[in-house]
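Novice: Pasting structure-v1.cif below, which is mmCIF, N, CA and C atoms.
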```cif
data_data
loop_
_atom_site.label_atom_id
_atom_site.label_comp_id
_atom_site.auth_asym_id
_atom_site.auth_seq_id
_atom_site.Cartn_x
_atom_site.Cartn_y
_atom_site.Cartn_z
N MET A 1 -70.59 -105.14 29.35
CA MET A 1 -70.56 -103.70 29.15
C MET A 1 -69.92 -103.33 27.81
N VAL A 2 -69.21 -104.25 27.18
CA VAL A 2 -68.59 -103.95 25.90
C VAL A 2 -69.65 -103.60 24.86
N TYR A 3 -70.74 -104.38 24.84
CA TYR A 3 -71.82 -104.10 23.88
C TYR A 3 -72.44 -102.74 24.13
N VAL A 4 -72.67 -102.43 25.40
CA VAL A 4 -73.30 -101.15 25.75
C VAL A 4 -72.38 -99.99 25.35
N THR A 5 -71.10 -100.13 25.62
CA THR A 5 -70.14 -99.07 25.27
C THR A 5 -70.04 -98.92 23.76
N PHE A 6 -70.04 -100.04 23.03
CA PHE A 6 -70.01 -99.97 21.57
C PHE A 6 -71.26 -99.27 21.05
N HIS A 7 -72.42 -99.64 21.58
CA HIS A 7 -73.69 -99.02 21.16
C HIS A 7 -73.64 -97.52 21.43
N ALA A 8 -73.20 -97.13 22.61
CA ALA A 8 -73.13 -95.71 22.97
C ALA A 8 -72.16 -94.95 22.06
N ALA A 9 -70.99 -95.53 21.82
CA ALA A 9 -69.99 -94.87 20.97
C ALA A 9 -70.51 -94.75 19.54
N TRP A 10 -71.16 -95.79 19.04
CA TRP A 10 -71.74 -95.77 17.69
C TRP A 10 -72.77 -94.66 17.57
N MET A 11 -73.65 -94.56 18.57
CA MET A 11 -74.71 -93.56 18.53
C MET A 11 -74.14 -92.14 18.66
N VAL A 12 -73.12 -91.96 19.49
CA VAL A 12 -72.49 -90.64 19.62
C VAL A 12 -71.83 -90.24 18.31
N LEU A 13 -71.16 -91.19 17.64
CA LEU A 13 -70.57 -90.90 16.33
C LEU A 13 -71.66 -90.53 15.32
N ALA A 14 -72.75 -91.27 15.34
CA ALA A 14 -73.87 -90.95 14.45
C ALA A 14 -74.39 -89.54 14.72
N VAL A 15 -74.54 -89.19 15.99
CA VAL A 15 -75.04 -87.86 16.35
C VAL A 15 -74.06 -86.78 15.89
N ALA A 16 -72.77 -87.05 15.97
CA ALA A 16 -71.78 -86.07 15.50
C ALA A 16 -71.95 -85.83 14.00
N ILE A 17 -72.12 -86.89 13.25
CA ILE A 17 -72.32 -86.77 11.80
C ILE A 17 -73.64 -86.06 11.52
N GLY A 18 -74.68 -86.43 12.26
CA GLY A 18 -75.98 -85.79 12.10
C GLY A 18 -75.95 -84.32 12.45
N THR A 19 -75.13 -83.96 13.42
CA THR A 19 -75.01 -82.55 13.82
C THR A 19 -74.44 -81.72 12.67
N ILE A 20 -73.47 -82.26 11.96
CA ILE A 20 -72.90 -81.55 10.82
C ILE A 20 -73.96 -81.39 9.73
N ALA A 21 -74.68 -82.47 9.44
CA ALA A 21 -75.75 -82.39 8.44
C ALA A 21 -76.82 -81.39 8.87
N GLY A 22 -77.17 -81.42 10.15
CA GLY A 22 -78.17 -80.49 10.67
C GLY A 22 -77.71 -79.05 10.61
N TYR A 23 -76.44 -78.83 10.91
CA TYR A 23 -75.93 -77.46 10.83
C TYR A 23 -75.98 -76.94 9.40
N LEU A 24 -75.61 -77.79 8.45
CA LEU A 24 -75.70 -77.37 7.05
C LEU A 24 -77.14 -77.02 6.68
N GLY A 25 -78.08 -77.82 7.17
CA GLY A 25 -79.49 -77.52 6.92
C GLY A 25 -79.92 -76.22 7.57
N LEU A 26 -79.39 -75.95 8.74
CA LEU A 26 -79.71 -74.69 9.43
C LEU A 26 -79.14 -73.49 8.67
N VAL A 27 -77.95 -73.66 8.10
CA VAL A 27 -77.37 -72.61 7.27
C VAL A 27 -78.31 -72.34 6.10
N ARG A 28 -78.81 -73.40 5.48
CA ARG A 28 -79.73 -73.24 4.35
C ARG A 28 -81.02 -72.56 4.79
N ALA A 29 -81.53 -72.95 5.95
CA ALA A 29 -82.80 -72.39 6.42
C ALA A 29 -82.70 -70.91 6.77
N THR A 30 -81.50 -70.45 7.09
CA THR A 30 -81.33 -69.04 7.49
C THR A 30 -80.81 -68.17 6.35
N GLN A 31 -80.68 -68.73 5.16
CA GLN A 31 -80.23 -67.94 4.02
C GLN A 31 -81.32 -66.95 3.60
N GLY A 32 -80.88 -65.75 3.31
CA GLY A 32 -81.79 -64.73 2.79
C GLY A 32 -81.95 -64.86 1.29
N THR A 33 -82.57 -63.88 0.70
CA THR A 33 -82.82 -63.93 -0.74
C THR A 33 -81.53 -63.87 -1.55
N GLY A 34 -80.49 -63.23 -1.02
CA GLY A 34 -79.22 -63.16 -1.72
C GLY A 34 -78.34 -64.38 -1.51
N GLY A 35 -78.79 -65.33 -0.70
CA GLY A 35 -78.02 -66.54 -0.45
C GLY A 35 -77.12 -66.44 0.77
N ALA A 36 -77.06 -65.28 1.40
CA ALA A 36 -76.21 -65.12 2.59
C ALA A 36 -76.98 -65.58 3.83
N SER A 37 -76.23 -66.16 4.76
CA SER A 37 -76.81 -66.64 6.01
C SER A 37 -76.18 -65.89 7.17
N ALA A 38 -76.92 -65.78 8.24
CA ALA A 38 -76.38 -65.17 9.46
C ALA A 38 -75.37 -66.10 10.12
N LEU A 39 -75.38 -67.36 9.75
CA LEU A 39 -74.47 -68.35 10.33
C LEU A 39 -73.23 -68.50 9.45
N PRO A 40 -72.10 -68.84 10.06
CA PRO A 40 -70.91 -69.07 9.24
C PRO A 40 -71.03 -70.37 8.44
N GLY A 41 -70.38 -70.39 7.31
CA GLY A 41 -70.39 -71.57 6.46
C GLY A 41 -71.29 -71.38 5.26
N ARG A 42 -71.19 -72.35 4.36
CA ARG A 42 -72.01 -72.33 3.15
C ARG A 42 -72.77 -73.63 3.05
N PHE A 43 -73.99 -73.54 2.58
CA PHE A 43 -74.80 -74.74 2.39
C PHE A 43 -74.33 -75.47 1.14
N LYS A 44 -74.03 -76.74 1.30
CA LYS A 44 -73.65 -77.60 0.18
C LYS A 44 -74.61 -78.79 0.19
N MET A 45 -75.46 -78.82 -0.82
CA MET A 45 -76.50 -79.85 -0.89
C MET A 45 -75.92 -81.26 -0.84
N GLN A 46 -74.86 -81.51 -1.60
CA GLN A 46 -74.29 -82.86 -1.64
C GLN A 46 -73.79 -83.29 -0.26
N ALA A 47 -73.10 -82.40 0.44
CA ALA A 47 -72.62 -82.73 1.78
C ALA A 47 -73.80 -82.95 2.73
N HIS A 48 -74.81 -82.09 2.65
CA HIS A 48 -75.98 -82.21 3.52
C HIS A 48 -76.69 -83.54 3.30
N THR A 49 -76.93 -83.91 2.05
CA THR A 49 -77.66 -85.14 1.78
C THR A 49 -76.82 -86.38 2.10
N THR A 50 -75.53 -86.34 1.79
CA THR A 50 -74.67 -87.50 2.07
C THR A 50 -74.53 -87.71 3.58
N LEU A 51 -74.23 -86.65 4.31
CA LEU A 51 -74.08 -86.78 5.76
C LEU A 51 -75.41 -87.15 6.41
N GLY A 52 -76.50 -86.59 5.91
CA GLY A 52 -77.82 -86.94 6.43
C GLY A 52 -78.14 -88.41 6.21
N LEU A 53 -77.84 -88.92 5.03
CA LEU A 53 -78.08 -90.33 4.74
C LEU A 53 -77.22 -91.23 5.63
N VAL A 54 -75.95 -90.90 5.78
CA VAL A 54 -75.07 -91.68 6.65
C VAL A 54 -75.61 -91.67 8.08
N TYR A 55 -76.07 -90.50 8.52
CA TYR A 55 -76.62 -90.38 9.87
C TYR A 55 -77.84 -91.28 10.05
N TYR A 56 -78.79 -91.19 9.12
CA TYR A 56 -80.00 -92.00 9.24
C TYR A 56 -79.67 -93.49 9.28
N VAL A 57 -78.79 -93.93 8.39
CA VAL A 57 -78.43 -95.35 8.34
C VAL A 57 -77.74 -95.77 9.65
N MET A 58 -76.81 -94.94 10.12
CA MET A 58 -76.13 -95.27 11.39
C MET A 58 -77.13 -95.32 12.54
N LEU A 59 -78.10 -94.41 12.54
CA LEU A 59 -79.10 -94.39 13.61
C LEU A 59 -79.94 -95.66 13.58
N TYR A 60 -80.38 -96.08 12.39
CA TYR A 60 -81.20 -97.28 12.28
C TYR A 60 -80.40 -98.53 12.68
N VAL A 61 -79.15 -98.60 12.26
CA VAL A 61 -78.29 -99.72 12.66
C VAL A 61 -78.11 -99.72 14.18
N GLY A 62 -77.90 -98.54 14.76
CA GLY A 62 -77.74 -98.43 16.21
C GLY A 62 -78.99 -98.86 16.95
N LEU A 63 -80.16 -98.50 16.44
CA LEU A 63 -81.40 -98.93 17.08
C LEU A 63 -81.54 -100.45 17.01
N LEU A 64 -81.29 -101.03 15.84
CA LEU A 64 -81.39 -102.48 15.71
C LEU A 64 -80.39 -103.19 16.62
N PHE A 65 -79.17 -102.65 16.71
CA PHE A 65 -78.18 -103.25 17.60
C PHE A 65 -78.63 -103.12 19.06
N GLY A 66 -79.20 -101.98 19.42
CA GLY A 66 -79.69 -101.79 20.79
C GLY A 66 -80.77 -102.79 21.14
N ILE A 67 -81.68 -103.04 20.21
CA ILE A 67 -82.73 -104.03 20.45
C ILE A 67 -82.12 -105.42 20.57
N ALA A 68 -81.21 -105.76 19.66
CA ALA A 68 -80.55 -107.08 19.72
C ALA A 68 -79.75 -107.24 21.01
N MET A 69 -79.12 -106.17 21.42
CA MET A 69 -78.31 -106.21 22.65
C MET A 69 -79.19 -106.55 23.85
N HIS A 70 -80.32 -105.89 23.96
CA HIS A 70 -81.20 -106.13 25.10
C HIS A 70 -81.90 -107.48 25.03
N ARG A 71 -82.18 -107.94 23.83
CA ARG A 71 -82.91 -109.21 23.71
C ARG A 71 -82.00 -110.43 23.80
N TRP A 72 -80.78 -110.35 23.21
CA TRP A 72 -79.98 -111.56 23.10
C TRP A 72 -78.55 -111.46 23.63
N LEU A 73 -77.96 -110.27 23.63
CA LEU A 73 -76.53 -110.19 23.92
C LEU A 73 -76.20 -109.94 25.39
N LEU A 74 -77.07 -109.27 26.10
CA LEU A 74 -76.78 -108.98 27.50
C LEU A 74 -77.34 -110.07 28.40
N PRO A 75 -76.56 -110.50 29.39
CA PRO A 75 -77.03 -111.57 30.26
C PRO A 75 -78.16 -111.12 31.18
N GLU A 76 -78.26 -109.83 31.43
CA GLU A 76 -79.32 -109.30 32.28
C GLU A 76 -79.66 -107.89 31.80
N HIS A 77 -80.81 -107.44 32.18
CA HIS A 77 -81.19 -106.08 31.82
C HIS A 77 -80.43 -105.11 32.72
N ILE A 78 -79.71 -104.20 32.10
CA ILE A 78 -78.95 -103.23 32.89
C ILE A 78 -79.77 -101.98 33.18
N LEU A 79 -80.93 -101.87 32.55
CA LEU A 79 -81.83 -100.76 32.82
C LEU A 79 -83.07 -101.29 33.53
N PRO A 80 -83.63 -100.50 34.45
CA PRO A 80 -84.93 -100.90 35.02
C PRO A 80 -85.96 -101.03 33.90
N ASP A 81 -86.94 -101.91 34.09
CA ASP A 81 -87.91 -102.20 33.02
C ASP A 81 -88.58 -100.94 32.46
N GLY A 82 -89.02 -100.04 33.33
CA GLY A 82 -89.67 -98.81 32.87
C GLY A 82 -88.75 -97.94 32.04
N VAL A 83 -87.50 -97.84 32.46
CA VAL A 83 -86.52 -97.02 31.74
C VAL A 83 -86.17 -97.68 30.41
N ARG A 84 -86.07 -99.00 30.42
CA ARG A 84 -85.78 -99.74 29.19
C ARG A 84 -86.90 -99.52 28.16
N MET A 85 -88.15 -99.57 28.64
CA MET A 85 -89.28 -99.33 27.73
C MET A 85 -89.29 -97.89 27.24
N LEU A 86 -88.96 -96.94 28.12
CA LEU A 86 -88.88 -95.53 27.71
C LEU A 86 -87.83 -95.37 26.62
N HIS A 87 -86.66 -95.99 26.82
CA HIS A 87 -85.57 -95.90 25.86
C HIS A 87 -86.00 -96.51 24.51
N LEU A 88 -86.70 -97.63 24.57
CA LEU A 88 -87.17 -98.28 23.35
C LEU A 88 -88.24 -97.44 22.64
N VAL A 89 -89.22 -96.96 23.39
CA VAL A 89 -90.30 -96.18 22.79
C VAL A 89 -89.75 -94.88 22.19
N LEU A 90 -88.87 -94.20 22.93
CA LEU A 90 -88.27 -92.98 22.38
C LEU A 90 -87.48 -93.30 21.11
N GLY A 91 -86.78 -94.42 21.12
CA GLY A 91 -86.03 -94.83 19.92
C GLY A 91 -86.94 -95.04 18.72
N ILE A 92 -88.07 -95.66 18.95
CA ILE A 92 -89.02 -95.91 17.86
C ILE A 92 -89.62 -94.59 17.36
N VAL A 93 -89.94 -93.67 18.28
CA VAL A 93 -90.46 -92.37 17.88
C VAL A 93 -89.41 -91.60 17.08
N VAL A 94 -88.15 -91.67 17.53
CA VAL A 94 -87.05 -91.01 16.81
C VAL A 94 -86.94 -91.57 15.40
N VAL A 95 -87.00 -92.89 15.26
CA VAL A 95 -86.92 -93.51 13.94
C VAL A 95 -88.10 -93.07 13.07
N ALA A 96 -89.29 -93.00 13.63
CA ALA A 96 -90.45 -92.56 12.85
C ALA A 96 -90.27 -91.11 12.38
N LEU A 97 -89.80 -90.23 13.27
CA LEU A 97 -89.58 -88.84 12.88
C LEU A 97 -88.49 -88.72 11.82
N TYR A 98 -87.39 -89.46 12.01
CA TYR A 98 -86.31 -89.39 11.02
C TYR A 98 -86.72 -90.03 9.70
N THR A 99 -87.57 -91.04 9.74
CA THR A 99 -88.05 -91.63 8.49
C THR A 99 -88.89 -90.61 7.72
N ALA A 100 -89.76 -89.90 8.44
CA ALA A 100 -90.55 -88.85 7.80
C ALA A 100 -89.63 -87.77 7.23
N ALA A 101 -88.63 -87.36 8.00
CA ALA A 101 -87.69 -86.34 7.53
C ALA A 101 -86.92 -86.83 6.31
N TRP A 102 -86.54 -88.11 6.30
CA TRP A 102 -85.80 -88.69 5.19
C TRP A 102 -86.67 -88.68 3.92
N VAL A 103 -87.92 -89.08 4.06
CA VAL A 103 -88.82 -89.10 2.90
C VAL A 103 -89.02 -87.68 2.37
N ILE A 104 -89.27 -86.75 3.27
CA ILE A 104 -89.48 -85.35 2.84
C ILE A 104 -88.20 -84.80 2.21
N GLY A 105 -87.05 -85.05 2.86
CA GLY A 105 -85.78 -84.57 2.33
C GLY A 105 -85.45 -85.16 0.98
N SER A 106 -85.73 -86.44 0.79
CA SER A 106 -85.50 -87.07 -0.52
C SER A 106 -86.38 -86.43 -1.58
N GLY A 107 -87.60 -86.10 -1.21
CA GLY A 107 -88.48 -85.41 -2.15
C GLY A 107 -87.97 -84.03 -2.49
N LEU A 108 -87.38 -83.35 -1.51
CA LEU A 108 -86.82 -82.02 -1.76
C LEU A 108 -85.62 -82.07 -2.71
N VAL A 109 -84.85 -83.14 -2.64
CA VAL A 109 -83.72 -83.28 -3.55
C VAL A 109 -84.23 -83.47 -4.98
N LYS A 110 -85.28 -84.27 -5.13
CA LYS A 110 -85.83 -84.53 -6.47
C LYS A 110 -86.60 -83.33 -7.01
N LYS A 111 -87.34 -82.67 -6.12
CA LYS A 111 -88.13 -81.52 -6.54
C LYS A 111 -87.97 -80.43 -5.47
N PRO A 112 -87.01 -79.51 -5.68
CA PRO A 112 -86.76 -78.45 -4.69
C PRO A 112 -88.01 -77.64 -4.38
N ALA A 113 -88.00 -77.03 -3.21
CA ALA A 113 -89.19 -76.35 -2.70
C ALA A 113 -89.58 -75.11 -3.49
N GLY A 114 -88.61 -74.40 -4.05
CA GLY A 114 -88.95 -73.14 -4.74
C GLY A 114 -89.50 -72.14 -3.74
N ALA A 115 -90.60 -71.50 -4.07
CA ALA A 115 -91.19 -70.49 -3.19
C ALA A 115 -91.93 -71.13 -2.01
N GLY A 116 -92.40 -72.36 -2.17
CA GLY A 116 -93.11 -73.04 -1.08
C GLY A 116 -92.13 -73.48 0.00
N ARG A 117 -92.41 -73.12 1.22
CA ARG A 117 -91.47 -73.43 2.31
C ARG A 117 -92.01 -74.49 3.27
N ALA A 118 -93.20 -75.03 3.02
CA ALA A 118 -93.80 -75.98 3.96
C ALA A 118 -92.98 -77.27 4.07
N ARG A 119 -92.57 -77.84 2.94
CA ARG A 119 -91.81 -79.10 3.00
C ARG A 119 -90.45 -78.94 3.67
N PRO A 120 -89.67 -77.91 3.34
CA PRO A 120 -88.39 -77.74 4.06
C PRO A 120 -88.59 -77.52 5.56
N ARG A 121 -89.63 -76.78 5.91
CA ARG A 121 -89.88 -76.54 7.35
C ARG A 121 -90.31 -77.83 8.05
N LEU A 122 -91.15 -78.62 7.40
CA LEU A 122 -91.57 -79.89 7.99
C LEU A 122 -90.37 -80.83 8.13
N HIS A 123 -89.50 -80.85 7.12
CA HIS A 123 -88.27 -81.63 7.17
C HIS A 123 -87.43 -81.21 8.38
N MET A 124 -87.30 -79.91 8.57
CA MET A 124 -86.50 -79.39 9.68
C MET A 124 -87.16 -79.69 11.03
N VAL A 125 -88.47 -79.53 11.12
CA VAL A 125 -89.16 -79.79 12.39
C VAL A 125 -89.04 -81.26 12.78
N CYS A 126 -89.22 -82.16 11.83
CA CYS A 126 -89.07 -83.60 12.12
C CYS A 126 -87.65 -83.90 12.61
N ASN A 127 -86.66 -83.36 11.90
CA ASN A 127 -85.26 -83.61 12.28
C ASN A 127 -84.93 -83.05 13.66
N TYR A 128 -85.29 -81.81 13.91
CA TYR A 128 -84.91 -81.20 15.18
C TYR A 128 -85.73 -81.72 16.35
N THR A 129 -86.96 -82.15 16.12
CA THR A 129 -87.73 -82.79 17.19
C THR A 129 -87.07 -84.12 17.56
N ALA A 130 -86.72 -84.89 16.54
CA ALA A 130 -86.03 -86.16 16.80
C ALA A 130 -84.69 -85.93 17.47
N CYS A 131 -84.00 -84.89 17.06
CA CYS A 131 -82.71 -84.55 17.67
C CYS A 131 -82.88 -84.25 19.16
N THR A 132 -83.93 -83.55 19.53
CA THR A 132 -84.21 -83.27 20.93
C THR A 132 -84.47 -84.56 21.69
N LEU A 133 -85.21 -85.47 21.09
CA LEU A 133 -85.47 -86.76 21.73
C LEU A 133 -84.19 -87.58 21.86
N ILE A 134 -83.28 -87.43 20.91
CA ILE A 134 -81.97 -88.10 21.01
C ILE A 134 -81.22 -87.59 22.24
N ALA A 135 -81.29 -86.29 22.49
CA ALA A 135 -80.64 -85.72 23.68
C ALA A 135 -81.23 -86.34 24.94
N VAL A 136 -82.55 -86.54 24.96
CA VAL A 136 -83.19 -87.20 26.10
C VAL A 136 -82.70 -88.65 26.20
N GLN A 137 -82.60 -89.33 25.07
CA GLN A 137 -82.10 -90.71 25.04
C GLN A 137 -80.70 -90.80 25.67
N ILE A 138 -79.84 -89.88 25.26
CA ILE A 138 -78.46 -89.89 25.76
C ILE A 138 -78.46 -89.65 27.27
N ALA A 139 -79.24 -88.68 27.72
CA ALA A 139 -79.28 -88.37 29.15
C ALA A 139 -79.79 -89.57 29.95
N VAL A 140 -80.85 -90.20 29.48
CA VAL A 140 -81.41 -91.37 30.17
C VAL A 140 -80.38 -92.50 30.22
N ALA A 141 -79.76 -92.77 29.09
CA ALA A 141 -78.79 -93.87 29.03
C ALA A 141 -77.57 -93.59 29.91
N VAL A 142 -77.03 -92.40 29.83
CA VAL A 142 -75.86 -92.07 30.65
C VAL A 142 -76.20 -92.22 32.12
N TYR A 143 -77.34 -91.69 32.52
CA TYR A 143 -77.69 -91.76 33.93
C TYR A 143 -77.89 -93.20 34.39
N TYR A 144 -78.72 -93.95 33.68
CA TYR A 144 -79.07 -95.29 34.15
C TYR A 144 -78.01 -96.35 33.87
N VAL A 145 -77.12 -96.12 32.93
CA VAL A 145 -76.08 -97.12 32.66
C VAL A 145 -74.81 -96.83 33.45
N TRP A 146 -74.43 -95.55 33.54
CA TRP A 146 -73.14 -95.25 34.16
C TRP A 146 -73.22 -94.53 35.51
N VAL A 147 -74.25 -93.74 35.76
CA VAL A 147 -74.32 -92.99 37.02
C VAL A 147 -75.08 -93.75 38.08
N TRP A 148 -76.31 -94.14 37.78
CA TRP A 148 -77.20 -94.78 38.74
C TRP A 148 -76.60 -96.05 39.38
N PRO A 149 -75.97 -96.96 38.61
CA PRO A 149 -75.42 -98.17 39.24
C PRO A 149 -74.28 -97.87 40.21
N ASN A 150 -73.65 -96.73 40.10
CA ASN A 150 -72.51 -96.40 40.97
C ASN A 150 -72.91 -95.52 42.14
N THR A 151 -74.21 -95.31 42.35
CA THR A 151 -74.64 -94.47 43.48
C THR A 151 -75.18 -95.31 44.61
#
```
Could I get this file's structure written as structure tokens?
Specialist:
Amino acid sequence: MVYVTFHAAWMVLAVAIGTIAGYLGLVRATQGTGGASALPGRFKMQAHTTLGLVYYVMLYVGLLFGIAMHRWLLPEHILPDGVRMLHLVLGIVVVALYTAAWVIGSGLVKKPAGAGRARPRLHMVCNYTACTLIAVQIAVAVYYVWVWPNT
């Protein structure tokens, strides 16, 4: 269970960092023409990109560790096969969405959107869709790792 707890703690820390990056992006997305946002805080590009990069890297490391944990580190599968496959497939979809968001976001840093809003919106949709799937991942893992075995 040490590996599972480490994986869970790592992913929760990654999500916390990603939440800060996401909030900064939401502040940017809600800014009006004068630069004011309905949300508290100020958008800082450097903080947004740095925290976003740290989040993506932590997420990818967490996924690789999760795969290694299930293949080599755990003596038995602690999740039912169907749930384990769901967790893996959702993880792969999350990585694909975040990779798309990373590529789009990197392009936005090099060439800001200006009047065109399609790329920033696509960046946001990829990130927030993946974020929703992360919430499903956490719920599935918490239930099947810590709740279900004790019922």
Novice: Just asking: which residues within range 15-131 of chain A are helix (DSSP H, G or I) according to DSSP, as a ChimeraX atom specification?
Specialist: /A:15-29,45-73,81-110,118-131
Novice: Around (-81.6, -74.8, 12.3), as given in the file, which residues come within 9 Å? Count only C-alpha atoms and list them as a list in words.
Specialist: Gly22, Tyr23, Leu24, Gly25, Leu26, Val27, Arg28, Ala29, Thr30, Met124 and Tyr128 of chain A
Novice: Using the chain letters and residue numbers of this document, give as a list in words the residues selected by the PyMOL selection byres (((chain A and resi 93 and name CA) around 12) and name CA).
Specialist: Tyr60, Leu63, Leu86, His87, Leu88, Val89, Leu90, Gly91, Ile92, Val94, Val95, Ala96, Leu97, Tyr98, Thr99, Ala100, Cys126, Asn127, Thr129, Ala130, Cys131, Thr132, Leu133, Ile134 and Gln137 of chain A
Novice: Counting only C-alpha atoms, find the residues whose atoms lie at most 12 Å from (-88.7, -107.8, 22.2) (file coordinates) and write them out as a PyMOL selection string.
Specialist: chain A and resi 64+66-72+84-85+88-89
Novice: Could you list, as a list in words, every residue matched by the PyMOL selection byres ((chain A and resi 14) around 8) in this structure?
Specialist: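 The output of the PyMOL selection byres ((chain A and resi 14) around 8) on this file is Ala8, Ala9, Trp10, Met11, Val12, Leu13, Val15, Ala16, Ile17, Gly18, Thr19, Ile20, Val54, Tyr55, Tyr56, Val57, Met58 and Leu59 of chain A.
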Novice: Work out how far atom N of Ala135 in chain A is from atom N of Pro112 in chain A, in Å to one decimal.
Specialist: 29.5 Å
Novice: Just the number, please: distance in Å from CA of Leu108 in chain A to CA of Leu39 in chain A, one decimal.
Specialist: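 CA of Leu39 in chain A lies 22.0 Å from CA of Leu108 in chain A.
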Novice: Have a look at CA of Ser106 in chain A and CA of Val125 in chain A and let me know their distance in Å, one decimal.
Specialist: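 These two atoms are separated by 15.3 Å.
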Novice: Taking only C-alpha atoms into account, name the residue in A:Ala38, A:Leu79, A:Val103, A:Leu73 that is nearest to Trp146 in chain A.
Specialist: A:Leu79
Novice: Once the PyMOL selection byres (((chain A and resi 49 and name CA) around 10) and name CA) has been evaluated on this model, what residues remain selected, and can you format them as a ChimeraX atom specification?
Specialist: /A:21,24-25,44-48,50-55,102,105-106,109
Novice: Can you pull range 42-84 of chain A out of that block with C-alpha atoms and hand it back as a compact mmCIF listing (two decimals), in the first residue's frame?
Specialist:
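Saved as selection_21.txt:
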```
# COMPACT_ATOMS: atom_id res chain seq x y z
CA ARG A 42 -4.23 38.90 -11.43
CA PHE A 43 -3.10 36.83 -14.37
CA LYS A 44 0.66 36.36 -14.41
CA MET A 45 1.87 34.58 -17.53
CA GLN A 46 5.14 33.38 -15.98
CA ALA A 47 3.38 31.82 -12.98
CA HIS A 48 0.71 30.26 -15.23
CA THR A 49 3.23 28.69 -17.61
CA THR A 50 5.64 27.55 -14.89
CA LEU A 51 2.94 25.98 -12.72
CA GLY A 52 1.30 24.47 -15.79
CA LEU A 53 4.58 22.91 -16.90
CA VAL A 54 5.27 21.53 -13.41
CA TYR A 55 1.73 20.11 -13.35
CA TYR A 56 2.05 18.40 -16.72
CA VAL A 57 5.42 16.86 -15.84
CA MET A 58 4.15 15.67 -12.44
CA LEU A 59 1.08 14.18 -14.10
CA TYR A 60 3.14 12.28 -16.68
CA VAL A 61 5.53 11.00 -14.00
CA GLY A 62 2.52 9.94 -11.90
CA LEU A 63 1.00 8.07 -14.84
CA LEU A 64 4.28 6.26 -15.56
CA PHE A 65 4.65 5.38 -11.88
CA GLY A 66 1.06 4.12 -11.79
CA ILE A 67 1.71 1.85 -14.76
CA ALA A 68 4.98 0.61 -13.23
CA MET A 69 3.25 0.06 -9.91
CA HIS A 70 0.58 -2.15 -11.43
CA ARG A 71 2.94 -4.06 -13.69
CA TRP A 72 5.93 -4.66 -11.42
CA LEU A 73 5.68 -3.22 -7.91
CA LEU A 74 2.42 -4.58 -6.52
CA PRO A 75 2.24 -8.27 -5.64
CA GLU A 76 -1.40 -8.41 -6.73
CA HIS A 77 -3.90 -6.23 -8.49
CA ILE A 78 -5.71 -4.17 -5.90
CA LEU A 79 -8.32 -3.04 -8.42
CA PRO A 80 -10.75 -5.31 -10.25
CA ASP A 81 -9.61 -5.84 -13.85
CA GLY A 82 -12.38 -3.69 -15.37
CA VAL A 83 -11.73 -0.84 -12.96
CA ARG A 84 -7.98 -1.10 -13.51
```
